[in-house]
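K.L.:
Pasting in a structure now, in C-alpha cells, and then I'll have a few things to ask.
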Amino acid sequence: MNGLLLAITSTIWSFLSATAWLLLKVGVLKGRRLPVRVISVGNIQVGGSGKTPLVAQIAREAHERGLKVCILCRGYGSEWEGGGGTIAPLATSATLPDPRFSGDEAALLHELAPHAWIGVGANRVRQFRRVDQLALGGFNIAILDDGFQHWKIQKDLEIVAMTSLNRFQTLFRDWDLALRRAHLLVWTKGDCKPAAIRSPCVRVRYNLPLNDGVHRERHFWMVTGLGDSEFAQKTAEKAGYIVVNHVRFRDHAIYEKEVVLQILHEAQVANCSVVVTGKDWVKWQALGISKSNVVVLEPELLFEEGKNLWDQALWGSLSSRS
C-alpha cells in the first residue's frame with residue numbers, strides 16, 4: 001500500500017474510531033465495568049507497535065507483587081476469536097492449545113507471562129466471566145490487550161504504545177488527538193520521537209542477547225509473520241546476526257508444516273541457520289518443529305526513560321495503600 005493510500009485509509013479508520021468514542025461520551029454506547037482494575041495496552045497504528053511485550057511486562061510485574069492477573073485478548077484470525085477460550089497458568093505442552101485455536105499472540109503471551117490466566121475472544125466481557133469462573137475468582141487486575149479502541153469495557157488505566165512511523169508509512173486507526181485519553185505513552189520503536197508525544201513519556205528498547213560462541217559469523221535466514229518485519233530484522237542485525245535472506249509472511253500467518261520444512265531444507269542447502277521470532281516460534285512448535293532446528297529471538301525489554309512514570313502509573317496506588 002503506497003503512502004497516499006495509507007493516509008486516506010488511516011483517515012477513514014480514524015474517523016470511525018473518533019465517532020465511536022463520541023457516541024460513548026454522549027451515552028449512546030456504554031462500556032461495562034468489570035469487578036477488577038482494568039489496564040488497557042493499545043496503539044493508534046495497526047500492528048508492529050510492540051504492545052505485546054508491554055502486556056507481558058505488566059503481567060510479570062503484577063505477579064511479582066503477588067497479584068492475580070487475567071489477560072484478555074481478541075485472538076485475531078483464530079477459532080477462539082468467535083467462540084472464545086482460556087489458557088490456564090503454567091499450561092504444559094500437553095495442555096496448551098494449538099495457536100490456530102488460541103491465536104499466536106495468546107500463545108506468545110503464555111510463553112512470556114506463564115503465571116497469568118488468558119481469556120481469548122472478541123467478546124471480552126464474556127471471556128472475563130468465563131476465566132473468573134474457572135479461576136474461582138480473586139483477580140486483582142485484568143489487562144486488556146489491544147484495548148485503546150475497545151469501548152465495551154471501562155478502563156482504569158490507558159497505556160498506548162507509539163513508534164516513529166507516520167501516516168504515510170503505516171496504517172493508523174485513530175487520530176493523534178485521541179492520545180489525550182491515554183494516561184501513559186510508551187515510545188517503543190524508532191529513532192525520532194513521535195510528533196504526537198508532547199509530554200514526558202516512557203521509552204523502551206528491545207535488547208537481543210547474542211550467543212557469540214554459537215551465533216557469531218553464522219549466516220541466517222530470517223522468517224517472520226509480523227506487523228513490522230523490518231524492525232525485527234534491524235533488531236537482529238544490530239545484535240550481530242548476519243541475515244542474508246528474509247522470508248516474510250503476513251501478520252498472524254498460519255504456517256503449514258510442509259512450507260516450514262521446505263524453508264528449513266533450503267536454508268540448510270544454503271549453509272544457513274534459520275532464525276524466527278517468539279510469535280512465529282509458538283506456531284512452528286505446534287507443528288512439531290524441534291527448537292534445535294532454529295534460533296528463536298527472545299528480546300529483553302529495557303527501560304531507557306521514564307521508568308518512574310511507568311511504576312507510578314501502574315503501581316503507585318498500591319504503594320499509597322501500604
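In the C-alpha cells, chains take the letters A, B, ... in the order shown, each chain's residues start at 1, and ligands count up from 1 in the order shown.
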May I have all residues of region 106-250 of chain A that DSSP, computed from the backbone, assigns to helix (DSSP H, G or I), given as JSON, numbers by chain?
P.N.:
{"A": [106, 107, 108, 109, 110, 111, 112, 124, 125, 126, 127, 128, 129, 130, 131, 132, 133, 134, 176, 177, 178, 179, 180, 181, 212, 213, 214, 215, 229, 230, 231, 232, 233, 234, 235, 236, 237, 238, 239]}
K.L.:
Keeping only N, CA and C atoms, write the selected residues as a CSV table (one decimal), in the first residue's frame.
P.N.:
chain,number,residue,atom,x,y,z
A,106,ALA,N,-1.9,-14.9,21.9
A,106,ALA,CA,-2.2,-15.6,23.2
A,106,ALA,C,-1.2,-16.6,23.6
A,107,ALA,N,-0.7,-17.4,22.6
A,107,ALA,CA,0.3,-18.4,22.8
A,107,ALA,C,1.6,-17.8,23.2
A,108,LEU,N,2.0,-16.6,22.6
A,108,LEU,CA,3.2,-15.9,22.9
A,108,LEU,C,3.1,-15.3,24.3
A,109,LEU,N,1.9,-14.8,24.7
A,109,LEU,CA,1.7,-14.2,26.0
A,109,LEU,C,1.9,-15.2,27.1
A,110,HIS,N,1.4,-16.4,26.8
A,110,HIS,CA,1.6,-17.5,27.8
A,110,HIS,C,3.1,-17.8,28.0
A,111,GLU,N,3.9,-17.8,26.9
A,111,GLU,CA,5.3,-18.0,27.0
A,111,GLU,C,6.0,-16.9,27.8
A,112,LEU,N,5.6,-15.7,27.6
A,112,LEU,CA,6.2,-14.5,28.2
A,112,LEU,C,5.7,-14.3,29.6
A,124,ARG,N,-15.0,-9.8,25.1
A,124,ARG,CA,-14.0,-9.9,26.3
A,124,ARG,C,-14.7,-9.8,27.6
A,125,VAL,N,-15.9,-9.2,27.6
A,125,VAL,CA,-16.7,-9.3,28.9
A,125,VAL,C,-17.1,-10.7,29.2
A,126,ARG,N,-17.5,-11.4,28.2
A,126,ARG,CA,-17.9,-12.8,28.4
A,126,ARG,C,-16.7,-13.6,28.7
A,127,GLN,N,-15.5,-13.4,28.1
A,127,GLN,CA,-14.3,-14.1,28.4
A,127,GLN,C,-13.8,-13.9,29.8
A,128,PHE,N,-14.0,-12.7,30.3
A,128,PHE,CA,-13.6,-12.4,31.7
A,128,PHE,C,-14.4,-13.3,32.6
A,129,ARG,N,-15.7,-13.3,32.4
A,129,ARG,CA,-16.6,-14.1,33.2
A,129,ARG,C,-16.2,-15.5,33.2
A,130,ARG,N,-15.9,-16.1,32.0
A,130,ARG,CA,-15.5,-17.5,31.9
A,130,ARG,C,-14.2,-17.7,32.7
A,131,VAL,N,-13.2,-16.9,32.5
A,131,VAL,CA,-12.0,-17.1,33.2
A,131,VAL,C,-12.2,-16.9,34.7
A,132,ASP,N,-12.9,-15.9,35.1
A,132,ASP,CA,-13.2,-15.7,36.5
A,132,ASP,C,-13.8,-16.9,37.2
A,133,GLN,N,-14.7,-17.6,36.4
A,133,GLN,CA,-15.4,-18.8,36.9
A,133,GLN,C,-14.4,-19.9,37.0
A,134,LEU,N,-13.6,-20.1,36.0
A,134,LEU,CA,-12.6,-21.2,36.0
A,134,LEU,C,-11.6,-21.0,37.1
A,176,ASP,N,-4.1,11.5,16.3
A,176,ASP,CA,-3.2,11.8,17.4
A,176,ASP,C,-4.0,12.5,18.6
A,177,LEU,N,-5.0,13.2,18.2
A,177,LEU,CA,-5.8,13.9,19.3
A,177,LEU,C,-6.4,12.9,20.3
A,178,ALA,N,-6.6,11.6,19.9
A,178,ALA,CA,-7.2,10.6,20.7
A,178,ALA,C,-6.2,10.3,21.9
A,179,LEU,N,-4.9,10.6,21.7
A,179,LEU,CA,-3.9,10.3,22.7
A,179,LEU,C,-4.2,11.0,24.0
A,180,ARG,N,-5.0,12.1,24.0
A,180,ARG,CA,-5.3,12.8,25.2
A,180,ARG,C,-6.1,11.9,26.2
A,181,ARG,N,-6.7,10.8,25.7
A,181,ARG,CA,-7.3,9.9,26.6
A,181,ARG,C,-6.3,9.0,27.4
A,212,ASP,N,27.8,-15.4,21.4
A,212,ASP,CA,28.9,-15.3,20.5
A,212,ASP,C,29.5,-16.7,20.0
A,213,GLY,N,29.5,-17.6,21.0
A,213,GLY,CA,30.1,-18.9,20.7
A,213,GLY,C,29.3,-19.7,19.7
A,214,VAL,N,28.0,-19.4,19.6
A,214,VAL,CA,27.1,-20.2,18.7
A,214,VAL,C,26.7,-19.4,17.5
A,215,HIS,N,26.5,-18.1,17.6
A,215,HIS,CA,25.9,-17.4,16.5
A,215,HIS,C,26.8,-16.5,15.7
A,229,SER,N,8.0,-6.5,10.2
A,229,SER,CA,9.1,-7.5,9.9
A,229,SER,C,10.4,-6.7,9.8
A,230,GLU,N,10.4,-5.5,9.2
A,230,GLU,CA,11.6,-4.8,9.0
A,230,GLU,C,12.3,-4.5,10.4
A,231,PHE,N,11.5,-4.1,11.4
A,231,PHE,CA,12.1,-3.8,12.7
A,231,PHE,C,12.7,-5.0,13.3
A,232,ALA,N,12.1,-6.2,13.1
A,232,ALA,CA,12.7,-7.4,13.6
A,232,ALA,C,14.0,-7.7,13.0
A,233,GLN,N,14.2,-7.5,11.7
A,233,GLN,CA,15.4,-7.7,11.0
A,233,GLN,C,16.5,-6.8,11.5
A,234,LYS,N,16.1,-5.5,11.6
A,234,LYS,CA,17.1,-4.5,12.1
A,234,LYS,C,17.5,-4.8,13.5
A,235,THR,N,16.6,-5.2,14.4
A,235,THR,CA,17.0,-5.6,15.8
A,235,THR,C,18.0,-6.7,15.8
A,236,ALA,N,17.7,-7.8,14.9
A,236,ALA,CA,18.6,-8.9,14.9
A,236,ALA,C,20.0,-8.5,14.3
A,237,GLU,N,20.0,-7.7,13.3
A,237,GLU,CA,21.3,-7.3,12.7
A,237,GLU,C,22.1,-6.4,13.7
A,238,LYS,N,21.4,-5.6,14.4
A,238,LYS,CA,22.0,-4.7,15.4
A,238,LYS,C,22.7,-5.5,16.5
A,239,ALA,N,22.1,-6.7,16.8
A,239,ALA,CA,22.6,-7.6,17.8
A,239,ALA,C,23.8,-8.4,17.3
K.L.:
Enumerate the residues of region 34-269 of chain A with a DSSP assignment of strand (DSSP E), computed from the backbone, and present them as a PyMOL selection string.
P.N.:
chain A and resi 37-43+69-73+85-87+117-120+141-145+157-163+184-189+202-207+219-225+242-249
K.L.:
Could you please take those selected residues and save C-alpha atoms as a PDB file, in the first residue's frame?
P.N.:
ATOM      1  CA  ARG A  37      -8.824  -2.895  37.942  1.00  0.00           C
ATOM      2  CA  VAL A  38      -8.604  -2.801  34.139  1.00  0.00           C
ATOM      3  CA  ILE A  39      -5.331  -1.819  32.457  1.00  0.00           C
ATOM      4  CA  SER A  40      -5.551  -1.283  28.702  1.00  0.00           C
ATOM      5  CA  VAL A  41      -2.498  -1.561  26.440  1.00  0.00           C
ATOM      6  CA  GLY A  42      -3.090  -0.435  22.880  1.00  0.00           C
ATOM      7  CA  ASN A  43      -1.887   1.680  19.981  1.00  0.00           C
ATOM      8  CA  VAL A  69      -3.766 -11.385  36.705  1.00  0.00           C
ATOM      9  CA  CYS A  70      -6.022 -12.058  33.745  1.00  0.00           C
ATOM     10  CA  ILE A  71      -5.070 -11.043  30.201  1.00  0.00           C
ATOM     11  CA  LEU A  72      -7.936 -10.504  27.757  1.00  0.00           C
ATOM     12  CA  CYS A  73      -7.016 -10.650  24.066  1.00  0.00           C
ATOM     13  CA  GLY A  85     -11.285 -19.991  25.003  1.00  0.00           C
ATOM     14  CA  THR A  86      -8.979 -19.953  28.010  1.00  0.00           C
ATOM     15  CA  ILE A  87      -5.307 -20.679  28.683  1.00  0.00           C
ATOM     16  CA  TRP A 117      -4.712 -16.509  33.076  1.00  0.00           C
ATOM     17  CA  ILE A 118      -5.503 -15.674  29.437  1.00  0.00           C
ATOM     18  CA  GLY A 119      -9.011 -15.233  28.070  1.00  0.00           C
ATOM     19  CA  VAL A 120      -9.280 -15.218  24.280  1.00  0.00           C
ATOM     20  CA  ILE A 141      -6.085  -6.959  37.530  1.00  0.00           C
ATOM     21  CA  ALA A 142      -7.413  -7.536  34.017  1.00  0.00           C
ATOM     22  CA  ILE A 143      -5.063  -6.468  31.216  1.00  0.00           C
ATOM     23  CA  LEU A 144      -6.910  -5.546  28.038  1.00  0.00           C
ATOM     24  CA  ASP A 145      -4.615  -6.348  25.118  1.00  0.00           C
ATOM     25  CA  LEU A 157      -5.518   2.934  33.070  1.00  0.00           C
ATOM     26  CA  GLU A 158      -4.920   3.593  29.377  1.00  0.00           C
ATOM     27  CA  ILE A 159      -1.410   2.838  28.061  1.00  0.00           C
ATOM     28  CA  VAL A 160      -0.566   3.489  24.400  1.00  0.00           C
ATOM     29  CA  ALA A 161       2.486   2.170  22.543  1.00  0.00           C
ATOM     30  CA  MET A 162       3.946   4.586  19.973  1.00  0.00           C
ATOM     31  CA  THR A 163       6.518   4.274  17.185  1.00  0.00           C
ATOM     32  CA  LEU A 184       0.755   6.847  29.748  1.00  0.00           C
ATOM     33  CA  LEU A 185       2.541   6.922  26.372  1.00  0.00           C
ATOM     34  CA  VAL A 186       5.313   4.411  25.707  1.00  0.00           C
ATOM     35  CA  TRP A 187       7.733   5.057  22.837  1.00  0.00           C
ATOM     36  CA  THR A 188       8.709   1.578  21.685  1.00  0.00           C
ATOM     37  CA  LYS A 189      10.404   1.839  18.287  1.00  0.00           C
ATOM     38  CA  VAL A 202       8.290   6.140  28.827  1.00  0.00           C
ATOM     39  CA  ARG A 203      10.877   4.930  26.323  1.00  0.00           C
ATOM     40  CA  VAL A 204      11.786   1.275  25.981  1.00  0.00           C
ATOM     41  CA  ARG A 205      14.069  -0.695  23.723  1.00  0.00           C
ATOM     42  CA  TYR A 206      14.471  -4.371  22.982  1.00  0.00           C
ATOM     43  CA  ASN A 207      17.863  -5.864  23.768  1.00  0.00           C
ATOM     44  CA  HIS A 219      24.618 -16.649   8.294  1.00  0.00           C
ATOM     45  CA  PHE A 220      20.881 -16.714   8.882  1.00  0.00           C
ATOM     46  CA  TRP A 221      17.645 -16.987   7.031  1.00  0.00           C
ATOM     47  CA  MET A 222      15.074 -14.983   8.937  1.00  0.00           C
ATOM     48  CA  VAL A 223      11.397 -15.974   8.838  1.00  0.00           C
ATOM     49  CA  THR A 224       8.734 -13.600  10.173  1.00  0.00           C
ATOM     50  CA  GLY A 225       4.971 -13.211  10.165  1.00  0.00           C
ATOM     51  CA  ILE A 242      24.061 -11.790   9.776  1.00  0.00           C
ATOM     52  CA  VAL A 243      20.748 -12.007   7.907  1.00  0.00           C
ATOM     53  CA  VAL A 244      21.288 -12.997   4.266  1.00  0.00           C
ATOM     54  CA  ASN A 245      17.665 -13.810   3.423  1.00  0.00           C
ATOM     55  CA  HIS A 246      14.369 -12.697   4.963  1.00  0.00           C
ATOM     56  CA  VAL A 247      11.233 -14.737   4.237  1.00  0.00           C
ATOM     57  CA  ARG A 248       8.229 -12.567   5.105  1.00  0.00           C
ATOM     58  CA  PHE A 249       4.686 -13.730   5.763  1.00  0.00           C
TER      59      PHE A 249
END
K.L.:
Find the spatial neighbours of Arg173 (chain A), counting only C-alpha atoms, within a cut-off of 8 Å - ignore same-chain residues fewer than 5 positions away - and output them as a PyMOL selection string.
P.N.:
chain A and resi 10-11+13-14+17+44-46
K.L.:
Save the residues we just selected, N, CA and C atoms, as a PDB file, in the first residue's frame?
P.N.:
ATOM      1  N   SER A  10      -6.108   5.543   6.596  1.00  0.00           N
ATOM      2  CA  SER A  10      -5.942   5.927   8.000  1.00  0.00           C
ATOM      3  C   SER A  10      -6.959   6.989   8.404  1.00  0.00           C
ATOM      4  N   THR A  11      -7.225   7.924   7.499  1.00  0.00           N
ATOM      5  CA  THR A  11      -8.196   8.985   7.782  1.00  0.00           C
ATOM      6  C   THR A  11      -9.593   8.406   8.002  1.00  0.00           C
ATOM      7  N   TRP A  13     -10.405   5.261   8.860  1.00  0.00           N
ATOM      8  CA  TRP A  13     -10.430   4.436  10.067  1.00  0.00           C
ATOM      9  C   TRP A  13     -10.425   5.314  11.320  1.00  0.00           C
ATOM     10  N   SER A  14      -9.610   6.350  11.295  1.00  0.00           N
ATOM     11  CA  SER A  14      -9.531   7.251  12.447  1.00  0.00           C
ATOM     12  C   SER A  14     -10.856   7.966  12.676  1.00  0.00           C
ATOM     13  N   SER A  17     -13.172   5.545  14.415  1.00  0.00           N
ATOM     14  CA  SER A  17     -12.800   5.404  15.827  1.00  0.00           C
ATOM     15  C   SER A  17     -13.258   6.610  16.634  1.00  0.00           C
ATOM     16  N   ILE A  44      -2.285   3.340  18.269  1.00  0.00           N
ATOM     17  CA  ILE A  44      -3.121   4.032  17.286  1.00  0.00           C
ATOM     18  C   ILE A  44      -2.728   3.649  15.866  1.00  0.00           C
ATOM     19  N   GLN A  45      -1.723   2.786  15.723  1.00  0.00           N
ATOM     20  CA  GLN A  45      -1.370   2.272  14.412  1.00  0.00           C
ATOM     21  C   GLN A  45      -1.732   0.789  14.366  1.00  0.00           C
ATOM     22  N   VAL A  46      -1.736   0.222  13.176  1.00  0.00           N
ATOM     23  CA  VAL A  46      -2.156  -1.168  13.013  1.00  0.00           C
ATOM     24  C   VAL A  46      -0.937  -2.078  13.003  1.00  0.00           C
TER      25      VAL A  46
END
K.L.:
One decimal, Å: what's the distance from CA of Val260 (chain A) over to CA of Leu301 (chain A), could you say?
P.N.:
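It comes out at 28.4 Å.
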K.L.:
Could you check how far CA of Glu79 (chain A) sits from CA of Thr170 (chain A), in Å to one decimal?
P.N.:
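Going from CA of Glu79 (chain A) over to CA of Thr170 (chain A), I get 27.4 Å.
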K.L.:
Ranking A:Ala113, A:Val274, A:Ile12, A:Val55 by minimum distance to Leu297 (chain A) and counting only C-alpha atoms, which one comes first?
P.N.:
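Closest candidate: A:Val274.
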K.L.:
Which neighbours of Arg218 (chain A) fall inside 8 Å, counting only C-alpha atoms, when residues of the same chain fewer than 6 positions from it are skipped, and could you give them as a PyMOL selection string?
P.N.:
chain A and resi 241-242+272-273
K.L.:
Using only C-alpha atoms, pick whichever of A:His115, A:Lys51, A:His150, A:Arg167 has the shortest atom-to-atom distance to His63 (chain A).
P.N.:
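Using only C-alpha atoms, His63 (chain A) sits closest to A:His115.
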K.L.:
Would you list the contacts of Gly48 (chain A) as a short mmCIF file (atom, residue, chain, number, x, y, z; two decimals) with N, CA and C atoms, in the first residue's frame, taking every protein, DNA or RNA residue within 6 Å and counting only C-alpha atoms, but skipping same-chain residues closer than 2 positions in sequence?
P.N.:
data_model
loop_
_atom_site.label_atom_id
_atom_site.label_comp_id
_atom_site.auth_asym_id
_atom_site.auth_seq_id
_atom_site.Cartn_x
_atom_site.Cartn_y
_atom_site.Cartn_z
N GLY A 50 4.73 -2.98 19.18
CA GLY A 50 5.42 -3.53 20.34
C GLY A 50 4.59 -3.56 21.60
N GLY A 227 3.67 -7.69 12.07
CA GLY A 227 3.20 -6.41 11.58
C GLY A 227 4.34 -5.49 11.19
N ASP A 228 5.54 -5.75 11.71
CA ASP A 228 6.71 -4.92 11.43
C ASP A 228 7.94 -5.81 11.28
#
K.L.:
Write out as a PyMOL selection string which residues come within 7 Å of region 2-4 of chain A when counting only C-alpha atoms, dropping same-chain ones fewer than 4 positions away.
P.N.:
chain A and resi 8+168-169
K.L.:
Using Å and a single decimal, report how far CA of Lys257 (chain A) sits from CA of Pro97 (chain A).
P.N.:
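These atoms are spaced 17.0 Å apart.
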K.L.:
Residues near region 279-291 of chain A, anyone? I mean within 8 Å using only C-alpha atoms, not counting same-chain ones fewer than 2 positions away, as a compact mmCIF listing (two decimals) with C-alpha atoms, in the first residue's frame.
P.N.:
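New file out.txt:
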# COMPACT_ATOMS: atom_id res chain seq x y z
CA ASP A 98 -2.72 -25.10 19.22
CA PRO A 99 -2.15 -21.43 18.20
CA ARG A 100 -4.60 -22.00 15.35
CA ASP A 104 -0.41 -16.57 18.07
CA GLU A 105 -0.46 -13.59 20.44
CA ALA A 107 0.27 -18.40 22.80
CA LEU A 108 3.18 -15.95 22.93
CA THR A 224 8.73 -13.60 10.17
CA GLY A 225 4.97 -13.21 10.16
CA LEU A 226 4.71 -9.84 11.89
CA ILE A 254 -0.90 -19.62 9.68
CA TYR A 255 2.04 -21.87 8.77
CA GLU A 256 1.77 -25.23 7.01
CA LYS A 257 4.30 -27.83 8.11
CA VAL A 260 8.22 -24.74 7.15
CA VAL A 276 12.44 -16.78 13.96
CA THR A 277 10.67 -14.54 16.45
CA ASN A 293 16.46 -26.68 14.19
CA VAL A 294 16.01 -22.94 14.69
CA VAL A 295 17.24 -19.96 16.65
CA VAL A 296 14.44 -18.16 18.48
K.L.:
Residues of region 99-167 of chain A that have any atom at most 7 Å from an atom of region 19-34 of chain A: could you tabulate them with the shortest-distance atom pair and the distance in Å to one decimal, using only C-alpha atoms, ordered by chain and increasing number, as a Markdown table?
P.N.:
| residue | atom | partner | partner_atom | distance |
| --- | --- | --- | --- | --- |
| A:Trp151 | CA | A:Gly31 | CA | 5.8 |
| A:Lys152 | CA | A:Gly31 | CA | 4.2 |
| A:Ile153 | CA | A:Gly31 | CA | 4.7 |
| A:Gln154 | CA | A:Gly31 | CA | 5.3 |
